[in-house]
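Participant: Mind looking over this structure? Questions follow.
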2 protein chains.
Amino acid sequence: MVIGIDMMGGDYAPLEAVKGIKDYFNAVQSPATLLLIGNEEQVNPLLTEHQLTGTPVKVVHAQQVIDMHEHPTKALKEKQQSSIAIGFHLLASGKIDAFISAGNTGAMLVGALFSIKTLEGVIRPTISSIIPKTNGATGLLLDVGLNADCKPEQLNQFATMGSIYAQQILGINSPRVGLLNVGEEEGKGNLLAQATYPLLKENNKINFIGNIEGRDILIDKADVIVCEGFTGNVILKMAESLYDINPQNAAKDPYYSRFNFEIYGGTPVLGVAKPVIIGHGISGAMAFKNMIMVAEKMIRTDVLQQMGEALKG
Amino acid sequence: MVIGIDMMGGDYAPLEAVKGIKDYFNAVQSPATLLLIGNEEQVNPLLTEHQLTGTPVKVVHAQQVIDMHEHPTKALKEKQQSSIAIGFHLLASGKIDAFISAGNTGAMLVGALFSIKTLEGVIRPTISSIIPKTNGATGLLLDVGLNADCKPEQLNQFATMGSIYAQQILGINSPRVGLLNVGEEEGKGNLLAQATYPLLKENNKINFIGNIEGRDILIDKADVIVCEGFTGNVILKMAESLYDINPQNAAKDPYYSRFNFEIYGGTPVLGVAKPVIIGHGISGAMAFKNMIMVAEKMIRTDVLQQMGEALKG
């Protein structure tokens with residue numbers, strides 16, 4: 001198992017990635033091999049400094065970097081020697097089994113959508129996010145921004161993919177799937193939610209429990225919450241702000257502290273054939289370590305292939 | 001100035017309404033006359049008990065009550081002697097200048113939409129909610145659920161109406177209007193947000209500051225945030241849950257305590273010709289007092305007529 005890491009992505013690159021790698025090696029017994037993609041002049045001294053020279057890491061030199069604010073498609077095309085472009089080449093050609101980056105989100109999404117095959121039967125890949133619940137549990141929300149406009153069939157696929165992810169990666173048995181809506185009863189909602197409800201009801205690959213309202217997002221009512229990417233993105237960013245606006249308070253409160261999204265690492269792209277994990281720009285060591293752990297689990301459980309099987313039928 | 005109050009609406013009716021009325025009289029110097037609509041056998045003893053007999057209140061007997069879970073349209077039609085039906089008759093015939101209820105929300109909306117004239121030029125009325133900001137300020141979010149599917153022109157009208165409300169009722173000069181979206185730049189968003197942006201940009205009745213993201217909702221970036229009612233409803237209910245899920249914590253934290261929506265009273269319906277204010281089912285005395293204060297301010301400032309003027313042009 002080989003996991004590729006973009007060492008140049010994120011606001012604290014490459015130092016926090018190096019620290020996260022060290023934490024990862026300290027945390028697991030039989031670690032995966034890590035391919036560190038980045039400027040070797042910057043990465044190598046840090047590996048030495050952090051005593052990572054004897055570990056299963058290998059540096060792949062990348063002489064370019066895609067900045068956080070570059071135009072994704074343009075940058076990926078023009079910067080073929082960037083760490084992100086090289087990462088996707090390695091992933092597409094099977095030299096790595098998963099690719100992680102906290103760099104330019106747009107470039108990561110474009111790479112995932114166009115360098116890696118979409119799973120057969122998937123209308124559009126999706127991105128999800130972990131939502132911490134007040135009782136200590138964790139749920140999954142999707143889509144969180146890749147698909148701002150959706151068809152009912154897409155939401156139905158998100159439900160299936162999210163359900164498999166929750167089961168395999170979050171370890172939730174028969175995850176309860178809820179449709180985000182403005183009321184509890186069937187028939188409520190905007191046109192999209194109204195048309196999606198019957199599809200979810202008939203979907204025998206999921207445990208659909210009906211509509212979920214805004215007040216249910218943070219409580220442990222559903223394990224997987226499905227919505228289009230516009231609302232999902234707004235909710236996610238609002239939830240993240242609960243931690244950001246008052247970290248002092250979050251530090252005192254065990255619940256709000258769980259809105260520190262570093263705990264969960266990054267956002268996996270679901271619906272593509274290989275694991276691609278996108279981290280926050282502000283990812284620190286903890287986020288990098290957790291992204292590696294998630295990538296490892298995604299490879300080990302073959303979760304993406306299971307999604308493909310479920311959606312083919 | 002005469003304000004009508006549904007004494008039978010809400011989970012703690014009519015006691016909390018009576019307490020709220022007493023608090024209102026204690027708080028203001030020259031109070032409005034209050035028409036208390038409800039079962040006089042229940043209301044009168046409470047008025048005596050709370051020493052409200054010498055105050056400018058008058059009880060209008062209503063022998064029926066619309067329950068919280070009745071079908072709105074059906075109930076309003078069949079229960080002509082209910083406090084809500086009588087309230088709307090009084091409002092439509094000019095016997096009261098505003099109508100307040102914490103009862104069946106659907107019945108209140110149906111009443112507002114069909115008993116009271118929509119202001120000329122308004123495509124559809126809207127409901128808004130106060131959003132407390134981390135710096136102590138308050139903002140307005142609309143629509144919060146009346147219009148789950150919207151056209152760009154509707155969002156543009158919400159912007160104008162919300163802006164006038166923020167100015168007249170919340171006392172914010174030249175309120176900054178933001179379009180809720182998934183990114184900051186023009187061109188971002190779902191089809192609705194993309195089509196709405198240029199309309200807001202050209203709207204010379206508002207101070208449009210561009211897109212607002214989920215992370216900006218709770219901080220003081222925009223005074224008025226515009227979105228369709230699906231997303232707005234989800235956000236509002238999620239914000240409310242921040243108080244509900246942990247009132248102990250909210251009690252300790254001055255910010256989260258402001259998510260106690262009783263502070264703001266109820267939700268005014270905007271776009272109709274007369275003030276209709278809808279309270280939460282769980283409204284207590286504070287909520288009733290504040291709903292009366294908001295109704296008074298809406299009458300005094302002629303805020304609805306100002307909206308009509310702005311949208312006629």
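If you're wondering about the labels, chains in the structure tokens are A, B, ... by order shown, residues count from 1 in each chain, ligands from 1 in order shown.
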Output as an MDAnalysis selection string the set of chain A residues within 9 Å of chain B, with distances taken over only C-alpha atoms.

Facilitator: chainID A and resid 134 145 147:149 180:182 189:191 213:219 229:242 244:246 249 253

Participant: Could you tell me, as a ChimeraX atom specification, which residues of range 37-95 of chain A DSSP assigns to strand (DSSP E or B) when given the backbone?

Facilitator: /A:37-38,57-61,64,82

Participant: Can you list, as an mmCIF file with C-alpha atoms, in the first residue's frame, every protein, DNA or RNA residue that comes within 8 Å of Glu296 in chain B when you count only C-alpha atoms, leaving out same-chain residues fewer than 6 positions away?

Facilitator:
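Once everything was written out, this is part_37.cif:
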```cif
data_model
loop_
_atom_site.group_PDB
_atom_site.id
_atom_site.type_symbol
_atom_site.label_atom_id
_atom_site.label_comp_id
_atom_site.auth_asym_id
_atom_site.auth_seq_id
_atom_site.Cartn_x
_atom_site.Cartn_y
_atom_site.Cartn_z
ATOM 1 C CA MET B 1 -52.927 52.106 17.745
ATOM 2 C CA ILE B 3 -52.625 45.493 18.474
ATOM 3 C CA ALA B 32 -50.839 50.682 22.563
#
```

Participant: I'd like the neighbourhood of Ile277 in chain B as a list in words, where a residue qualifies if any of its atoms comes within 7 Å (using only C-alpha atoms), though same-chain residues fewer than 2 positions away should be ignored.

Facilitator: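 The contact residues come out as Phe99, Ile100, Ser101, Gly266, Thr267, Pro268, Val269, Pro275, Gly279 and Met291 of chain B.
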
Participant: Do you have the CA of Gly139 in chain B-CA of Phe259 in chain B distance handy?

Facilitator: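 Going from CA of Gly139 in chain B over to CA of Phe259 in chain B, I get 12.4 Å.
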
Participant: I want to know what sits within 12 Å of Leu170 in chain A, based on only C-alpha atoms, with residues of the same chain fewer than 3 positions away left out; could you give that as a list in words?

Facilitator: Ser129, Ile130, Ile131, Pro132, Ala137, Thr138, Gly139, Leu140, Gly162, Ser163, Ile164, Tyr165, Ala166, Gln167, Asn173, Ser174, Pro175, Asp223, Val224, Tyr264, Met293, Val294, Lys297, Met298, Thr301 and Val303 of chain A

Participant: With a distance cut-off of 12 Å and only C-alpha atoms, select the neighbouring residues of Val65 in chain B, excluding the residue or stretch itself and same-chain residues fewer than 3 positions from it, and output the selection as a PDB file with N, CA, C and O atoms, in the first residue's frame.

Facilitator:
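So the final result, stored in out.pdb, reads:
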```pdb
ATOM      1  N   ASP B   6     -53.408  36.893  19.766  1.00  0.00           N
ATOM      2  CA  ASP B   6     -54.046  35.584  19.918  1.00  0.00           C
ATOM      3  C   ASP B   6     -53.627  35.018  21.271  1.00  0.00           C
ATOM      4  O   ASP B   6     -52.465  34.667  21.468  1.00  0.00           O
ATOM      5  N   MET B   7     -54.590  34.963  22.201  1.00  0.00           N
ATOM      6  CA  MET B   7     -54.270  34.509  23.565  1.00  0.00           C
ATOM      7  C   MET B   7     -54.178  32.986  23.668  1.00  0.00           C
ATOM      8  O   MET B   7     -53.710  32.445  24.668  1.00  0.00           O
ATOM      9  N   MET B   8     -54.649  32.284  22.625  1.00  0.00           N
ATOM     10  CA  MET B   8     -54.748  30.834  22.696  1.00  0.00           C
ATOM     11  C   MET B   8     -53.590  30.138  21.977  1.00  0.00           C
ATOM     12  O   MET B   8     -53.533  28.903  21.935  1.00  0.00           O
ATOM     13  N   GLY B   9     -52.686  30.919  21.395  1.00  0.00           N
ATOM     14  CA  GLY B   9     -51.609  30.336  20.597  1.00  0.00           C
ATOM     15  C   GLY B   9     -50.368  30.072  21.425  1.00  0.00           C
ATOM     16  O   GLY B   9     -50.014  30.849  22.311  1.00  0.00           O
ATOM     17  N   GLY B  10     -49.713  28.966  21.151  1.00  0.00           N
ATOM     18  CA  GLY B  10     -48.459  28.654  21.836  1.00  0.00           C
ATOM     19  C   GLY B  10     -48.667  27.604  22.907  1.00  0.00           C
ATOM     20  O   GLY B  10     -49.789  27.381  23.386  1.00  0.00           O
ATOM     21  N   ALA B  13     -50.236  28.841  26.434  1.00  0.00           N
ATOM     22  CA  ALA B  13     -51.358  29.787  26.339  1.00  0.00           C
ATOM     23  C   ALA B  13     -52.414  29.455  27.390  1.00  0.00           C
ATOM     24  O   ALA B  13     -52.591  28.292  27.723  1.00  0.00           O
ATOM     25  N   PRO B  14     -53.143  30.448  27.907  1.00  0.00           N
ATOM     26  CA  PRO B  14     -52.914  31.890  27.675  1.00  0.00           C
ATOM     27  C   PRO B  14     -51.999  32.543  28.717  1.00  0.00           C
ATOM     28  O   PRO B  14     -51.748  33.737  28.636  1.00  0.00           O
ATOM     29  N   ILE B  37     -57.549  38.269  21.971  1.00  0.00           N
ATOM     30  CA  ILE B  37     -58.511  37.384  21.321  1.00  0.00           C
ATOM     31  C   ILE B  37     -58.357  35.974  21.879  1.00  0.00           C
ATOM     32  O   ILE B  37     -57.282  35.372  21.758  1.00  0.00           O
ATOM     33  N   GLY B  38     -59.416  35.482  22.518  1.00  0.00           N
ATOM     34  CA  GLY B  38     -59.315  34.151  23.092  1.00  0.00           C
ATOM     35  C   GLY B  38     -60.531  33.815  23.936  1.00  0.00           C
ATOM     36  O   GLY B  38     -61.489  34.603  24.009  1.00  0.00           O
ATOM     37  N   ASN B  39     -60.470  32.682  24.568  1.00  0.00           N
ATOM     38  CA  ASN B  39     -61.576  32.233  25.413  1.00  0.00           C
ATOM     39  C   ASN B  39     -61.638  33.077  26.684  1.00  0.00           C
ATOM     40  O   ASN B  39     -60.747  33.000  27.540  1.00  0.00           O
ATOM     41  N   HIS B  61     -63.923  37.650  22.670  1.00  0.00           N
ATOM     42  CA  HIS B  61     -64.116  36.227  22.911  1.00  0.00           C
ATOM     43  C   HIS B  61     -63.982  35.412  21.617  1.00  0.00           C
ATOM     44  O   HIS B  61     -64.489  35.767  20.554  1.00  0.00           O
ATOM     45  N   ALA B  62     -63.262  34.309  21.720  1.00  0.00           N
ATOM     46  CA  ALA B  62     -63.161  33.351  20.613  1.00  0.00           C
ATOM     47  C   ALA B  62     -63.445  31.982  21.207  1.00  0.00           C
ATOM     48  O   ALA B  62     -62.760  31.563  22.143  1.00  0.00           O
ATOM     49  N   MET B  68     -52.012  23.154  17.368  1.00  0.00           N
ATOM     50  CA  MET B  68     -50.716  23.261  16.701  1.00  0.00           C
ATOM     51  C   MET B  68     -50.594  22.302  15.512  1.00  0.00           C
ATOM     52  O   MET B  68     -49.872  22.578  14.575  1.00  0.00           O
ATOM     53  N   HIS B  69     -51.285  21.173  15.574  1.00  0.00           N
ATOM     54  CA  HIS B  69     -51.056  20.166  14.535  1.00  0.00           C
ATOM     55  C   HIS B  69     -52.193  20.052  13.526  1.00  0.00           C
ATOM     56  O   HIS B  69     -52.196  19.153  12.701  1.00  0.00           O
ATOM     57  N   GLU B  70     -53.138  20.984  13.566  1.00  0.00           N
ATOM     58  CA  GLU B  70     -54.230  20.932  12.590  1.00  0.00           C
ATOM     59  C   GLU B  70     -53.746  21.394  11.208  1.00  0.00           C
ATOM     60  O   GLU B  70     -52.803  22.169  11.082  1.00  0.00           O
ATOM     61  N   ALA B  75     -58.326  24.074   8.838  1.00  0.00           N
ATOM     62  CA  ALA B  75     -58.690  24.585  10.161  1.00  0.00           C
ATOM     63  C   ALA B  75     -59.200  26.023  10.076  1.00  0.00           C
ATOM     64  O   ALA B  75     -60.205  26.373  10.691  1.00  0.00           O
ATOM     65  N   LEU B  76     -58.502  26.849   9.295  1.00  0.00           N
ATOM     66  CA  LEU B  76     -58.896  28.262   9.185  1.00  0.00           C
ATOM     67  C   LEU B  76     -60.292  28.383   8.581  1.00  0.00           C
ATOM     68  O   LEU B  76     -61.076  29.254   8.962  1.00  0.00           O
ATOM     69  N   GLU B  78     -62.706  25.963   8.554  1.00  0.00           N
ATOM     70  CA  GLU B  78     -63.757  25.339   9.368  1.00  0.00           C
ATOM     71  C   GLU B  78     -63.934  26.003  10.728  1.00  0.00           C
ATOM     72  O   GLU B  78     -65.023  25.965  11.294  1.00  0.00           O
ATOM     73  N   LYS B  79     -62.874  26.573  11.253  1.00  0.00           N
ATOM     74  CA  LYS B  79     -62.970  27.194  12.574  1.00  0.00           C
ATOM     75  C   LYS B  79     -62.994  28.718  12.463  1.00  0.00           C
ATOM     76  O   LYS B  79     -62.018  29.406  12.790  1.00  0.00           O
ATOM     77  N   GLN B  80     -64.121  29.219  11.984  1.00  0.00           N
ATOM     78  CA  GLN B  80     -64.272  30.663  11.803  1.00  0.00           C
ATOM     79  C   GLN B  80     -64.300  31.395  13.147  1.00  0.00           C
ATOM     80  O   GLN B  80     -64.063  32.590  13.204  1.00  0.00           O
ATOM     81  N   GLN B  81     -64.611  30.685  14.219  1.00  0.00           N
ATOM     82  CA  GLN B  81     -64.662  31.311  15.542  1.00  0.00           C
ATOM     83  C   GLN B  81     -63.375  31.082  16.343  1.00  0.00           C
ATOM     84  O   GLN B  81     -63.345  31.278  17.558  1.00  0.00           O
ATOM     85  N   SER B  82     -62.349  30.635  15.663  1.00  0.00           N
ATOM     86  CA  SER B  82     -61.069  30.447  16.353  1.00  0.00           C
ATOM     87  C   SER B  82     -60.382  31.796  16.529  1.00  0.00           C
ATOM     88  O   SER B  82     -60.652  32.751  15.799  1.00  0.00           O
ATOM     89  N   SER B  83     -59.484  31.855  17.506  1.00  0.00           N
ATOM     90  CA  SER B  83     -58.786  33.115  17.778  1.00  0.00           C
ATOM     91  C   SER B  83     -57.987  33.590  16.567  1.00  0.00           C
ATOM     92  O   SER B  83     -57.912  34.790  16.294  1.00  0.00           O
ATOM     93  N   ILE B  84     -57.407  32.647  15.808  1.00  0.00           N
ATOM     94  CA  ILE B  84     -56.622  33.067  14.638  1.00  0.00           C
ATOM     95  C   ILE B  84     -57.539  33.606  13.544  1.00  0.00           C
ATOM     96  O   ILE B  84     -57.271  34.673  12.963  1.00  0.00           O
ATOM     97  N   ALA B  85     -58.644  32.910  13.276  1.00  0.00           N
ATOM     98  CA  ALA B  85     -59.570  33.380  12.233  1.00  0.00           C
ATOM     99  C   ALA B  85     -60.138  34.751  12.598  1.00  0.00           C
ATOM    100  O   ALA B  85     -60.185  35.665  11.759  1.00  0.00           O
ATOM    101  N   ILE B  86     -60.545  34.911  13.863  1.00  0.00           N
ATOM    102  CA  ILE B  86     -61.086  36.209  14.305  1.00  0.00           C
ATOM    103  C   ILE B  86     -60.022  37.302  14.205  1.00  0.00           C
ATOM    104  O   ILE B  86     -60.278  38.415  13.750  1.00  0.00           O
ATOM    105  N   GLY B  87     -58.796  36.965  14.569  1.00  0.00           N
ATOM    106  CA  GLY B  87     -57.695  37.924  14.473  1.00  0.00           C
ATOM    107  C   GLY B  87     -57.533  38.450  13.056  1.00  0.00           C
ATOM    108  O   GLY B  87     -57.393  39.661  12.834  1.00  0.00           O
ATOM    109  N   SER B 101     -49.485  36.113  16.938  1.00  0.00           N
ATOM    110  CA  SER B 101     -49.876  34.806  17.466  1.00  0.00           C
ATOM    111  C   SER B 101     -48.673  33.879  17.568  1.00  0.00           C
ATOM    112  O   SER B 101     -47.774  33.904  16.724  1.00  0.00           O
ATOM    113  N   GLY B 103     -49.444  30.708  17.771  1.00  0.00           N
ATOM    114  CA  GLY B 103     -50.176  29.470  17.485  1.00  0.00           C
ATOM    115  C   GLY B 103     -49.699  28.770  16.227  1.00  0.00           C
ATOM    116  O   GLY B 103     -48.571  28.971  15.787  1.00  0.00           O
ATOM    117  N   ASN B 104     -50.588  27.974  15.662  1.00  0.00           N
ATOM    118  CA  ASN B 104     -50.302  27.190  14.452  1.00  0.00           C
ATOM    119  C   ASN B 104     -49.644  28.045  13.360  1.00  0.00           C
ATOM    120  O   ASN B 104     -50.280  28.926  12.768  1.00  0.00           O
ATOM    121  N   ALA B 107     -51.282  28.047   9.886  1.00  0.00           N
ATOM    122  CA  ALA B 107     -52.535  28.807   9.843  1.00  0.00           C
ATOM    123  C   ALA B 107     -52.240  30.306   9.821  1.00  0.00           C
ATOM    124  O   ALA B 107     -52.915  31.074   9.124  1.00  0.00           O
TER     125      ALA B 107
END
```

Participant: Could you tell me which of A:Gln306, A:Asn211, A:Gln168, A:Thr33 comes closest to Lys58 in chain A if we count only C-alpha atoms?

Facilitator: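 When distances to Lys58 in chain A are compared using only C-alpha atoms, the smallest one comes from A:Thr33.
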
Participant: Quick one: pull the distance between CA of Ile209 in chain B and CA of Met161 in chain B, Å, one decimal.

Facilitator: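 One can read the CA of Ile209 in chain B to CA of Met161 in chain B distance as 16.1 Å.
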